[in-house]
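What's in protein-v2.cif: mmCIF, C-alpha atoms
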```cif
data_model
loop_
_atom_site.label_atom_id
_atom_site.label_comp_id
_atom_site.auth_asym_id
_atom_site.auth_seq_id
_atom_site.Cartn_x
_atom_site.Cartn_y
_atom_site.Cartn_z
CA GLY M 1320 4.70 7.15 41.05
CA THR M 1321 5.09 7.38 37.32
CA PRO M 1322 3.62 10.57 35.83
CA LEU M 1323 0.21 9.97 34.28
CA LEU M 1324 1.28 10.85 30.72
CA THR M 1325 4.18 8.40 30.91
CA ARG M 1326 1.81 5.70 32.20
CA ILE M 1327 -0.61 6.43 29.33
CA ALA M 1328 2.28 6.28 26.86
CA ILE M 1329 3.41 2.92 28.27
CA LEU M 1330 -0.14 1.52 28.12
CA THR M 1331 -0.52 2.79 24.55
CA MET M 1332 2.77 1.15 23.60
CA MET M 1333 1.67 -2.12 25.22
CA ALA M 1334 -1.63 -2.04 23.34
CA ALA M 1335 0.23 -1.30 20.12
CA ALA M 1336 2.66 -4.16 20.81
CA ALA M 1337 -0.27 -6.54 21.29
CA HIS M 1338 -1.35 -5.83 17.72
CA ALA M 1339 2.07 -4.93 16.31
CA GLN M 1340 2.01 -8.12 14.29
CA ASP M 1341 -1.30 -7.31 12.64
CA TRP M 1342 -1.31 -6.06 9.04
CA PRO M 1343 -4.39 -3.81 9.18
CA GLN M 1344 -3.84 -1.81 5.99
CA PHE M 1345 -1.86 -1.43 2.78
CA LEU M 1346 1.90 -1.77 3.44
CA GLY M 1347 1.29 -2.82 7.06
CA PRO M 1348 0.89 -1.04 10.41
CA GLY M 1349 3.27 1.83 9.57
CA ARG M 1350 2.20 1.96 5.91
CA ASN M 1351 5.87 1.49 5.06
CA GLY M 1352 6.14 -2.18 4.10
CA VAL M 1353 7.73 -3.18 7.43
CA TYR M 1354 6.78 -6.29 9.43
CA SER M 1355 7.85 -5.73 13.05
CA GLY M 1356 7.46 -9.27 14.43
CA ASN M 1357 10.68 -11.19 15.12
CA ASP M 1358 9.12 -14.65 14.77
CA LEU M 1359 10.11 -15.57 11.21
CA ALA M 1360 12.36 -18.53 10.41
CA ALA M 1361 15.93 -17.68 9.36
CA LYS M 1362 15.52 -19.92 6.32
CA TRP M 1363 12.91 -22.22 4.79
CA PRO M 1364 12.84 -25.99 4.33
CA PRO M 1365 13.65 -27.26 0.79
CA GLY M 1366 9.96 -27.46 -0.19
CA GLY M 1367 9.35 -23.89 0.96
CA PRO M 1368 7.17 -22.66 3.84
CA ALA M 1369 4.27 -24.93 4.85
CA VAL M 1370 0.83 -24.09 3.44
CA VAL M 1371 -1.60 -23.50 6.34
CA TRP M 1372 -4.73 -23.07 4.20
CA LYS M 1373 -5.83 -21.88 0.78
CA LYS M 1374 -9.04 -20.53 -0.65
CA ASP M 1375 -10.48 -19.84 -4.11
CA VAL M 1376 -10.96 -16.11 -4.63
CA GLY M 1377 -12.45 -13.78 -7.23
CA GLN M 1378 -10.75 -11.06 -9.22
CA GLY M 1379 -8.74 -8.18 -7.81
CA PHE M 1380 -5.31 -6.77 -7.02
CA SER M 1381 -6.42 -5.81 -3.51
CA ASN M 1382 -4.20 -7.36 -0.87
CA PRO M 1383 -5.76 -8.88 2.24
CA SER M 1384 -5.57 -7.05 5.58
CA VAL M 1385 -5.29 -8.82 8.93
CA ALA M 1386 -6.23 -7.65 12.44
CA GLN M 1387 -7.25 -9.30 15.71
CA GLY M 1388 -7.18 -12.79 14.25
CA ARG M 1389 -9.29 -11.92 11.22
CA LEU M 1390 -8.41 -11.53 7.58
CA ILE M 1391 -10.40 -9.10 5.43
CA LEU M 1392 -10.57 -10.13 1.79
CA PHE M 1393 -11.84 -7.69 -0.86
CA HIS M 1394 -12.48 -9.23 -4.28
CA ARG M 1395 -14.91 -9.41 -7.18
CA VAL M 1396 -17.15 -12.44 -7.61
CA GLY M 1397 -19.34 -12.26 -10.74
CA ASP M 1398 -20.84 -8.76 -10.84
CA LYS M 1399 -20.37 -8.01 -7.15
CA GLU M 1400 -17.56 -6.52 -5.13
CA VAL M 1401 -17.39 -8.70 -2.02
CA VAL M 1402 -15.86 -7.92 1.39
CA GLU M 1403 -15.32 -11.03 3.51
CA ALA M 1404 -14.02 -11.65 7.00
CA LEU M 1405 -12.18 -14.96 7.44
CA ASP M 1406 -10.53 -16.56 10.44
CA ALA M 1407 -6.87 -15.73 9.76
CA ALA M 1408 -5.63 -19.02 11.22
CA SER M 1409 -8.01 -21.38 9.40
CA GLY M 1410 -9.51 -19.44 6.47
CA LYS M 1411 -13.04 -20.17 7.73
CA ALA M 1412 -15.72 -17.63 6.73
CA ILE M 1413 -17.06 -15.28 9.45
CA TRP M 1414 -19.16 -12.75 7.49
CA SER M 1415 -19.63 -11.42 3.99
CA PHE M 1416 -20.90 -8.14 2.50
CA ASP M 1417 -21.37 -7.34 -1.18
CA TYR M 1418 -22.75 -4.76 -3.61
CA PRO M 1419 -23.08 -4.65 -7.42
CA THR M 1420 -20.24 -3.48 -9.65
CA HIS M 1421 -20.20 -2.71 -13.37
CA TYR M 1422 -16.48 -1.99 -13.69
CA ARG M 1423 -14.97 -2.85 -17.06
CA ASP M 1424 -11.25 -2.56 -17.65
CA ASP M 1425 -10.48 -0.80 -20.94
CA PHE M 1426 -7.16 -2.65 -21.25
CA GLY M 1427 -8.49 -6.13 -20.55
CA PHE M 1428 -6.90 -6.32 -17.11
CA ASP M 1429 -8.44 -7.86 -14.02
CA GLU M 1430 -11.79 -6.19 -13.16
CA GLY M 1431 -11.71 -6.66 -9.41
CA PRO M 1432 -10.96 -4.06 -6.73
CA ARG M 1433 -7.44 -2.63 -6.60
CA ALA M 1434 -7.25 -1.02 -3.16
CA ALA M 1435 -6.47 -2.91 0.04
CA PRO M 1436 -9.03 -2.75 2.87
CA THR M 1437 -8.15 -0.65 5.92
CA ILE M 1438 -9.08 -1.89 9.41
CA ALA M 1439 -9.24 0.81 12.08
CA GLY M 1440 -11.33 1.69 15.13
CA GLY M 1441 -13.58 -1.36 14.89
CA ARG M 1442 -14.41 -0.63 11.25
CA VAL M 1443 -13.35 -1.80 7.79
CA TYR M 1444 -12.94 0.72 4.95
CA THR M 1445 -12.88 -0.38 1.31
CA PHE M 1446 -12.53 1.58 -1.93
CA GLY M 1447 -13.88 -0.25 -4.99
CA ALA M 1448 -12.69 -0.08 -8.59
CA GLU M 1449 -15.55 2.35 -9.40
CA GLY M 1450 -14.73 4.67 -6.53
CA THR M 1451 -17.30 3.53 -3.96
CA LEU M 1452 -15.99 4.04 -0.42
CA HIS M 1453 -17.60 1.71 2.13
CA CYS M 1454 -17.39 1.65 5.92
CA LEU M 1455 -18.42 -1.66 7.52
CA ASP M 1456 -18.60 -2.90 11.09
CA PHE M 1457 -15.50 -5.08 11.70
CA ALA M 1458 -17.40 -7.41 14.05
CA THR M 1459 -20.48 -8.07 11.90
CA GLY M 1460 -19.83 -6.82 8.35
CA LYS M 1461 -22.90 -4.58 8.54
CA LYS M 1462 -22.71 -1.43 6.42
CA ILE M 1463 -22.24 1.76 8.46
CA TRP M 1464 -22.01 4.20 5.52
CA SER M 1465 -20.89 4.51 1.92
CA VAL M 1466 -20.02 7.30 -0.52
CA ASP M 1467 -20.14 6.97 -4.31
CA THR M 1468 -17.17 9.27 -4.84
CA PHE M 1469 -17.24 9.07 -8.65
CA ARG M 1470 -20.83 10.30 -8.75
CA GLN M 1471 -20.58 12.78 -5.90
CA PHE M 1472 -17.36 14.46 -7.04
CA GLN M 1473 -17.54 14.02 -10.86
CA VAL M 1474 -14.59 11.70 -11.22
CA ALA M 1475 -13.43 10.52 -14.66
CA LYS M 1476 -12.74 6.79 -14.85
CA GLY M 1477 -8.96 6.92 -15.33
CA TYR M 1478 -7.01 4.11 -16.95
CA PHE M 1479 -7.25 1.34 -14.38
CA GLY M 1480 -10.07 2.25 -11.99
CA ALA M 1481 -9.80 3.61 -8.46
CA ALA M 1482 -6.82 2.22 -6.56
CA GLY M 1483 -5.75 4.31 -3.54
CA ALA M 1484 -6.12 2.47 -0.23
CA PRO M 1485 -8.14 4.41 2.41
CA LEU M 1486 -5.94 6.14 4.99
CA VAL M 1487 -7.52 6.41 8.44
CA ASP M 1488 -5.95 9.25 10.40
CA GLY M 1489 -7.65 9.45 13.80
CA ASP M 1490 -11.31 10.25 13.12
CA ARG M 1491 -10.73 11.06 9.43
CA VAL M 1492 -10.46 8.95 6.28
CA LEU M 1493 -8.14 10.56 3.74
CA MET M 1494 -8.53 9.78 0.04
CA ASN M 1495 -7.15 10.79 -3.35
CA ILE M 1496 -10.52 10.81 -5.14
CA GLY M 1497 -9.46 12.56 -8.33
CA GLY M 1498 -12.59 14.61 -9.01
CA ALA M 1499 -12.93 18.16 -10.27
CA GLY M 1500 -14.96 18.83 -7.12
CA ALA M 1501 -12.73 16.82 -4.80
CA GLY M 1502 -9.28 15.78 -5.90
CA LEU M 1503 -8.30 15.09 -2.32
CA ALA M 1504 -10.88 14.59 0.41
CA ALA M 1505 -11.29 13.81 4.10
CA PHE M 1506 -14.39 12.02 5.38
CA ASP M 1507 -15.60 11.62 8.94
CA ALA M 1508 -14.54 8.05 9.85
CA ALA M 1509 -17.76 7.40 11.81
CA THR M 1510 -20.37 8.99 9.51
CA GLY M 1511 -18.82 9.44 6.04
CA LYS M 1512 -19.57 13.16 6.10
CA THR M 1513 -17.17 15.19 3.91
CA LEU M 1514 -14.85 17.21 6.16
CA TRP M 1515 -12.75 18.98 3.52
CA THR M 1516 -11.84 18.78 -0.14
CA VAL M 1517 -9.02 20.02 -2.34
CA PRO M 1518 -10.31 20.44 -5.92
CA ASN M 1519 -8.69 19.44 -9.22
CA GLN M 1520 -6.11 16.91 -8.04
CA GLU M 1521 -6.34 13.95 -10.41
CA ALA M 1522 -6.14 10.50 -8.86
CA SER M 1523 -3.10 8.28 -9.14
CA TYR M 1524 -2.67 4.65 -8.10
CA SER M 1525 -0.62 5.63 -5.08
CA SER M 1526 -1.96 5.41 -1.53
CA PRO M 1527 -1.50 8.45 0.74
CA MET M 1528 0.70 8.60 3.83
CA VAL M 1529 0.47 10.60 7.07
CA ALA M 1530 3.59 11.47 9.03
CA THR M 1531 4.69 13.75 11.84
CA ILE M 1532 7.52 15.92 10.52
CA GLN M 1533 9.10 18.43 12.90
CA GLY M 1534 6.08 18.26 15.20
CA LEU M 1535 3.48 18.86 12.47
CA GLN M 1536 1.10 16.36 10.89
CA HIS M 1537 1.58 16.05 7.13
CA ALA M 1538 -0.72 14.16 4.77
CA LEU M 1539 1.30 13.29 1.68
CA PHE M 1540 -0.52 12.48 -1.55
CA PHE M 1541 1.37 11.35 -4.64
CA THR M 1542 -1.37 12.30 -7.12
CA ARG M 1543 -1.41 11.94 -10.88
CA SER M 1544 0.48 15.21 -11.21
CA GLY M 1545 2.88 15.05 -8.27
CA LEU M 1546 3.39 15.33 -4.53
CA VAL M 1547 0.86 17.36 -2.52
CA ASP M 1548 1.46 18.06 1.19
CA VAL M 1549 -1.75 18.83 3.08
CA ASP M 1550 -2.58 19.61 6.70
CA PRO M 1551 -4.80 16.57 7.46
CA ALA M 1552 -6.95 18.51 9.94
CA SER M 1553 -7.90 21.43 7.67
CA GLY M 1554 -7.13 20.31 4.13
CA LYS M 1555 -4.91 23.34 3.65
CA VAL M 1556 -2.28 22.65 0.97
CA ARG M 1557 1.21 23.40 2.27
CA TYR M 1558 2.99 22.95 -1.07
CA GLU M 1559 2.90 20.99 -4.32
CA LEU M 1560 5.71 19.46 -6.34
CA PRO M 1561 4.85 18.60 -9.95
CA TRP M 1562 6.36 15.12 -10.52
CA HIS M 1563 4.94 13.12 -13.40
CA ALA M 1564 5.67 11.85 -16.90
CA ARG M 1565 5.15 14.01 -19.95
CA MET M 1566 3.22 11.21 -21.65
CA LYS M 1567 -0.50 10.85 -20.90
CA ALA M 1568 -0.50 7.05 -20.54
CA SER M 1569 1.54 6.98 -17.35
CA VAL M 1570 0.90 6.28 -13.69
CA ASN M 1571 2.21 7.37 -10.31
CA ALA M 1572 1.72 4.33 -8.08
CA ALA M 1573 4.31 3.96 -5.31
CA THR M 1574 3.51 5.37 -1.86
CA PRO M 1575 5.74 8.19 -0.53
CA ILE M 1576 8.43 7.03 1.90
CA VAL M 1577 9.04 9.23 4.93
CA VAL M 1578 12.22 9.04 7.02
CA ASP M 1579 12.61 11.76 9.66
CA ASP M 1580 12.02 14.98 7.68
CA PHE M 1581 12.84 13.43 4.29
CA VAL M 1582 10.28 12.28 1.72
CA PHE M 1583 11.10 10.00 -1.21
CA VAL M 1584 8.79 9.61 -4.21
CA SER M 1585 9.41 7.57 -7.31
CA ALA M 1586 7.69 6.78 -10.61
CA SER M 1587 8.51 5.17 -13.94
CA TYR M 1588 7.92 6.50 -17.51
CA GLY M 1589 10.95 8.79 -17.48
CA THR M 1590 9.76 10.53 -14.29
CA GLY M 1591 12.29 9.08 -11.87
CA ALA M 1592 12.86 9.46 -8.15
CA ILE M 1593 13.31 12.52 -5.98
CA LEU M 1594 14.31 13.02 -2.35
CA LEU M 1595 12.99 16.10 -0.55
CA GLN M 1596 13.71 17.59 2.83
CA ILE M 1597 10.50 18.94 4.29
CA GLY M 1598 10.15 22.22 6.15
CA ALA M 1599 7.00 23.67 7.76
CA ASN M 1600 5.53 24.94 4.48
CA SER M 1601 8.17 24.20 1.89
CA PHE M 1602 10.69 21.63 0.73
CA LYS M 1603 14.28 21.44 -0.42
CA LYS M 1604 15.36 19.05 -3.16
CA ILE M 1605 18.24 16.80 -2.08
CA TRP M 1606 18.60 14.76 -5.28
CA SER M 1607 16.62 13.46 -8.22
CA SER M 1608 17.41 10.86 -10.86
CA ASP M 1609 15.71 8.73 -13.48
CA ASP M 1610 18.48 6.19 -13.10
CA ALA M 1611 18.48 5.43 -9.38
CA LEU M 1612 15.24 3.66 -8.37
CA THR M 1613 12.20 4.20 -10.59
CA ASN M 1614 9.22 2.40 -9.05
CA HIS M 1615 6.60 1.38 -11.61
CA TYR M 1616 3.99 0.09 -9.18
CA SER M 1617 5.50 -1.32 -6.00
CA THR M 1618 6.80 0.78 -3.12
CA SER M 1619 10.41 0.39 -1.95
CA VAL M 1620 11.41 -0.31 1.67
CA TYR M 1621 13.91 1.58 3.84
CA LYS M 1622 16.45 0.26 6.31
CA ASP M 1623 19.51 1.95 7.84
CA GLY M 1624 20.03 4.58 5.15
CA ILE M 1625 19.32 2.21 2.24
CA LEU M 1626 16.30 1.74 -0.03
CA TYR M 1627 15.48 -1.65 -1.54
CA GLY M 1628 13.06 -1.83 -4.45
CA PHE M 1629 12.18 -2.51 -8.07
CA HIS M 1630 13.66 -0.36 -10.82
CA GLY M 1631 12.21 0.12 -14.29
CA ARG M 1632 9.05 -0.65 -16.23
CA GLN M 1633 7.19 -3.84 -15.33
CA GLU M 1634 6.68 -4.87 -18.96
CA GLU M 1635 10.35 -4.30 -19.81
CA GLY M 1636 11.65 -6.58 -17.06
CA GLN M 1637 12.54 -4.81 -13.85
CA SER M 1638 15.73 -5.10 -11.88
CA LEU M 1639 15.95 -5.41 -8.10
CA ARG M 1640 18.08 -2.72 -6.49
CA SER M 1641 19.48 -1.18 -3.39
CA ILE M 1642 20.45 2.50 -3.32
CA ASP M 1643 21.69 5.06 -0.81
CA PHE M 1644 18.70 7.02 0.49
CA LYS M 1645 20.55 10.34 0.88
CA THR M 1646 22.46 10.27 -2.45
CA GLY M 1647 20.65 7.92 -4.85
CA LYS M 1648 23.88 6.00 -5.46
CA VAL M 1649 23.18 2.42 -6.64
CA ARG M 1650 24.73 -0.16 -4.27
CA TRP M 1651 23.69 -3.34 -6.09
CA ASP M 1652 21.44 -4.31 -8.97
CA VAL M 1653 20.02 -7.69 -10.02
CA ASP M 1654 19.25 -7.23 -13.69
CA GLY M 1655 16.26 -9.05 -15.21
CA PHE M 1656 14.84 -9.97 -11.81
CA GLY M 1657 11.30 -9.20 -13.00
CA ALA M 1658 8.53 -7.33 -11.22
CA GLY M 1659 7.10 -7.94 -7.78
CA THR M 1660 6.71 -6.51 -4.29
CA ILE M 1661 9.11 -6.16 -1.40
CA THR M 1662 8.55 -6.20 2.37
CA LEU M 1663 11.09 -5.69 5.17
CA ALA M 1664 11.08 -8.12 8.11
CA GLY M 1665 13.87 -7.38 10.59
CA ASP M 1666 17.12 -7.66 8.62
CA LYS M 1667 15.49 -9.69 5.85
CA LEU M 1668 13.70 -8.85 2.61
CA LEU M 1669 10.56 -10.80 1.72
CA ILE M 1670 10.12 -10.55 -2.03
CA VAL M 1671 7.06 -11.79 -3.90
CA ARG M 1672 7.78 -12.08 -7.61
CA GLU M 1673 5.02 -11.80 -10.22
CA SER M 1674 6.04 -15.33 -11.23
CA GLY M 1675 4.65 -16.60 -7.91
CA GLU M 1676 8.05 -17.16 -6.33
CA LEU M 1677 8.60 -16.10 -2.72
CA VAL M 1678 12.18 -15.06 -1.96
CA LEU M 1679 13.94 -14.47 1.36
CA ALA M 1680 17.09 -12.34 1.15
CA VAL M 1681 19.38 -10.36 3.44
CA ALA M 1682 18.70 -6.62 3.68
CA THR M 1683 22.28 -5.52 3.08
CA PRO M 1684 23.76 -2.91 0.72
CA THR M 1685 26.93 -4.96 0.07
CA ALA M 1686 25.39 -7.46 -2.40
CA PHE M 1687 22.14 -9.28 -3.15
CA GLN M 1688 22.18 -12.35 -0.88
CA GLN M 1689 19.33 -14.80 -1.40
CA ILE M 1690 18.70 -17.16 1.54
CA SER M 1691 15.68 -19.18 0.41
CA ALA M 1692 13.21 -19.25 -2.47
CA ALA M 1693 10.03 -21.20 -3.14
CA LYS M 1694 7.41 -21.24 -5.87
CA VAL M 1695 4.18 -20.71 -3.91
CA LEU M 1696 1.53 -19.80 -6.53
CA PRO M 1697 1.12 -19.90 -10.30
CA PRO M 1698 1.62 -16.50 -11.99
CA THR M 1699 0.58 -13.76 -12.04
CA VAL M 1700 0.94 -12.40 -8.52
CA ARG M 1701 0.41 -8.62 -8.52
CA ALA M 1702 -1.25 -7.99 -5.16
CA TYR M 1703 0.90 -7.20 -2.15
CA PRO M 1704 1.05 -9.88 0.54
CA ALA M 1705 -0.03 -9.37 4.15
CA ILE M 1706 2.27 -10.62 6.91
CA ALA M 1707 0.79 -11.14 10.36
CA ASN M 1708 1.73 -13.27 13.36
CA GLY M 1709 4.36 -15.24 11.49
CA ARG M 1710 2.15 -16.03 8.51
CA ILE M 1711 2.16 -14.60 5.01
CA TYR M 1712 -1.04 -14.26 3.00
CA ILE M 1713 -0.51 -14.18 -0.77
CA ARG M 1714 -3.00 -14.10 -3.63
CA ASN M 1715 -3.04 -14.34 -7.42
CA GLU M 1716 -6.10 -14.06 -9.69
CA LYS M 1717 -7.62 -17.31 -8.40
CA THR M 1718 -6.20 -18.36 -5.05
CA LEU M 1719 -5.46 -16.88 -1.62
CA GLU M 1720 -2.84 -18.85 0.28
CA CYS M 1721 -1.67 -18.71 3.90
CA LEU M 1722 1.91 -19.89 4.52
CA ASN M 1723 3.69 -20.40 7.83
CA LEU M 1724 6.93 -18.37 7.96
CA LYS M 1725 7.71 -19.10 11.62
#
```
With the file now loaded, output its structure as structure tokens.
Amino acid sequence: GTPLLTRIAILTMMAAAAHAQDWPQFLGPGRNGVYSGNDLAAKWPPGGPAVVWKKDVGQGFSNPSVAQGRLILFHRVGDKEVVEALDAASGKAIWSFDYPTHYRDDFGFDEGPRAAPTIAGGRVYTFGAEGTLHCLDFATGKKIWSVDTFRQFQVAKGYFGAAGAPLVDGDRVLMNIGGAGAGLAAFDAATGKTLWTVPNQEASYSSPMVATIQGLQHALFFTRSGLVDVDPASGKVRYELPWHARMKASVNAATPIVVDDFVFVSASYGTGAILLQIGANSFKKIWSSDDALTNHYSTSVYKDGILYGFHGRQEEGQSLRSIDFKTGKVRWDVDGFGAGTITLAGDKLLIVRESGELVLAVATPTAFQQISAAKVLPPTVRAYPAIANGRIYIRNEKTLECLNLK
């Protein structure tokens, strides 16, 4: 017979495959912007992909998350932050949970939640614009626990509110809280009890990442001041790399990208990108450049030694680029493309432009090759999409739309 561990591994893989096409958190199942289903159409009809359903929504930059046939929507309606479960196929309401919010944006931006919900272990985790972390029952929407992180850990407001999507790592929820008392924190996923904290790490708008590198678990936080590598079990800091702009009014927002034992981080505002090779308790710099791929807010995607992403400041008109991962050499550049988000689906790039245009292109370093494009929503589209079971879920400030990409 097959050894027990192999059988368990096969069963685990089968279970994972059953939900491989879910999009249960920010940047998808692997938190790397990759859709693993192979059910998408090679190109779209002239009118663009068919609209399956659409729904009016409140404020927010939080992208929807999808698991087990349900979509979790996190938005602001009036003076409440609302978490809703919808049927992912029809958009019909299943349950709703809300609580009051008083968030005001100092720059006149959208005042809804920024962070995507995370679905894990039969629970939904949300992090509101004012730093309230909620854990709800996925089946019913009933509150299991909540932590007012701003109050509990003395967090200053920051420029644009709290934005890091909760990272569930086994029985822990890892967060970049940004308080003097707890810059980084782990909470018990079932009870909300604080497990460990790392003080004085200011919050950024980047969501953390966990990866196994050379047999060890690494929690990677791209905080306001740079990259911090933490042992997720103990909270022990392995090393820190200062990586931030000299100007105060700047943000670190893209999520770290991990490939084998390499970690790529990137920011705008003259900060630039850097590639590190990670050891047990240290790192080696491979390259850095402010002219390769500076991500203002959206995270790049990786395929076959190449990164694809947005370069430059959003308000100055970004370009779309591909670069060599190991050297930073620019392979192609589409100047004036404008800002947006990018997702990898097989050998294709799914690009959502802020203008509300959805673009399908080939993921190749030889040249930018657009296959199809369709205007799907009025501007401005800032939230990431979710892609699950052959459908894409896209939202702007007013509408959530489900499109069939099969």
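Compared by their closest atoms to Arg1491 (chain M), and using all atoms listed in the file, the residues M:Ala1369, M:Val1466, M:Ala1552, M:Leu1679 rank with M:Ala1552 nearest.
Coordinates place CA of Tyr1703 (chain M) at a distance of 24.8 Å from CA of Ala1508 (chain M).
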TODO: Tell me which residues the PyMOL selection byres ((chain M and resi 1710-1722) around 8) grabs here, as a VMD selection string.
DONE: chain M and resid 1368 to 1380 1382 to 1383 1429 1696 to 1709 1723 to 1725
Task: Residue with smallest distance to Asn1357 (chain M) - pool M:Asp1417, M:Ala1538, M:Ser1587, M:Gly1665, counting only C-alpha atoms - done: M:Gly1665
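Going from CA of Phe1469 (chain M) over to CA of Glu1403 (chain M), you cover 23.6 Å.
Here CA of Val1681 (chain M) is placed at a distance of 11.4 Å from CA of Ser1641 (chain M).
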- [ ] I would like the residues chosen by the PyMOL selection byres ((chain M and resi 1573) around 9) on the shown file; could you give them as a PyMOL selection string?
- [x] chain M and resi 1524-1526+1541+1571-1572+1574-1576+1584-1586+1614-1619
Task: Shell of 12 Å around Val1547 (chain M), only C-alpha atoms, local chain residues under 6 positions omitted, as number ranges by chain - done: M: 1495, 1502-1503, 1517, 1519-1523, 1527-1529, 1537-1541, 1554-1562, 1575, 1582, 1584, 1597, 1600-1602
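Look at everything within 10 Å of (23.1, -2.5, -5.1) using only C-alpha atoms, and the residues you get are Ile1625, Leu1626, Tyr1627, Leu1639, Arg1640, Ser1641, Ile1642, Asp1643, Lys1648, Val1649, Arg1650, Trp1651, Asp1652, Val1653, Thr1683, Pro1684, Thr1685, Ala1686 and Phe1687 of chain M.
When all atoms listed in the file are used to compute distances to Gly1431 (chain M), the closest of the residues M:Val1443, M:Ala1448, M:Ala1592, M:Leu1677 turns out to be M:Ala1448.
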Around all the atoms of region 1382-1391 of chain M listed in the file, with 5 Å of room on each side, what axis-aligned box do you get, giving centre and edge lengths in Å to one decimal, as JSON?
```
{"center_x": -7.3, "center_y": -9.9, "center_z": 7.4, "size_x": 16.2, "size_y": 15.7, "size_z": 26.6}
```
Ground truth for the PyMOL selection byres ((chain M and resi 1534) around 12), written as a CSV table (one decimal) with C-alpha atoms, in the coordinates of the input:
```
chain,number,residue,atom,x,y,z
M,1530,ALA,CA,3.6,11.5,9.0
M,1531,THR,CA,4.7,13.8,11.8
M,1532,ILE,CA,7.5,15.9,10.5
M,1533,GLN,CA,9.1,18.4,12.9
M,1535,LEU,CA,3.5,18.9,12.5
M,1536,GLN,CA,1.1,16.4,10.9
M,1537,HIS,CA,1.6,16.0,7.1
M,1579,ASP,CA,12.6,11.8,9.7
M,1580,ASP,CA,12.0,15.0,7.7
M,1597,ILE,CA,10.5,18.9,4.3
M,1598,GLY,CA,10.2,22.2,6.2
M,1599,ALA,CA,7.0,23.7,7.8
```
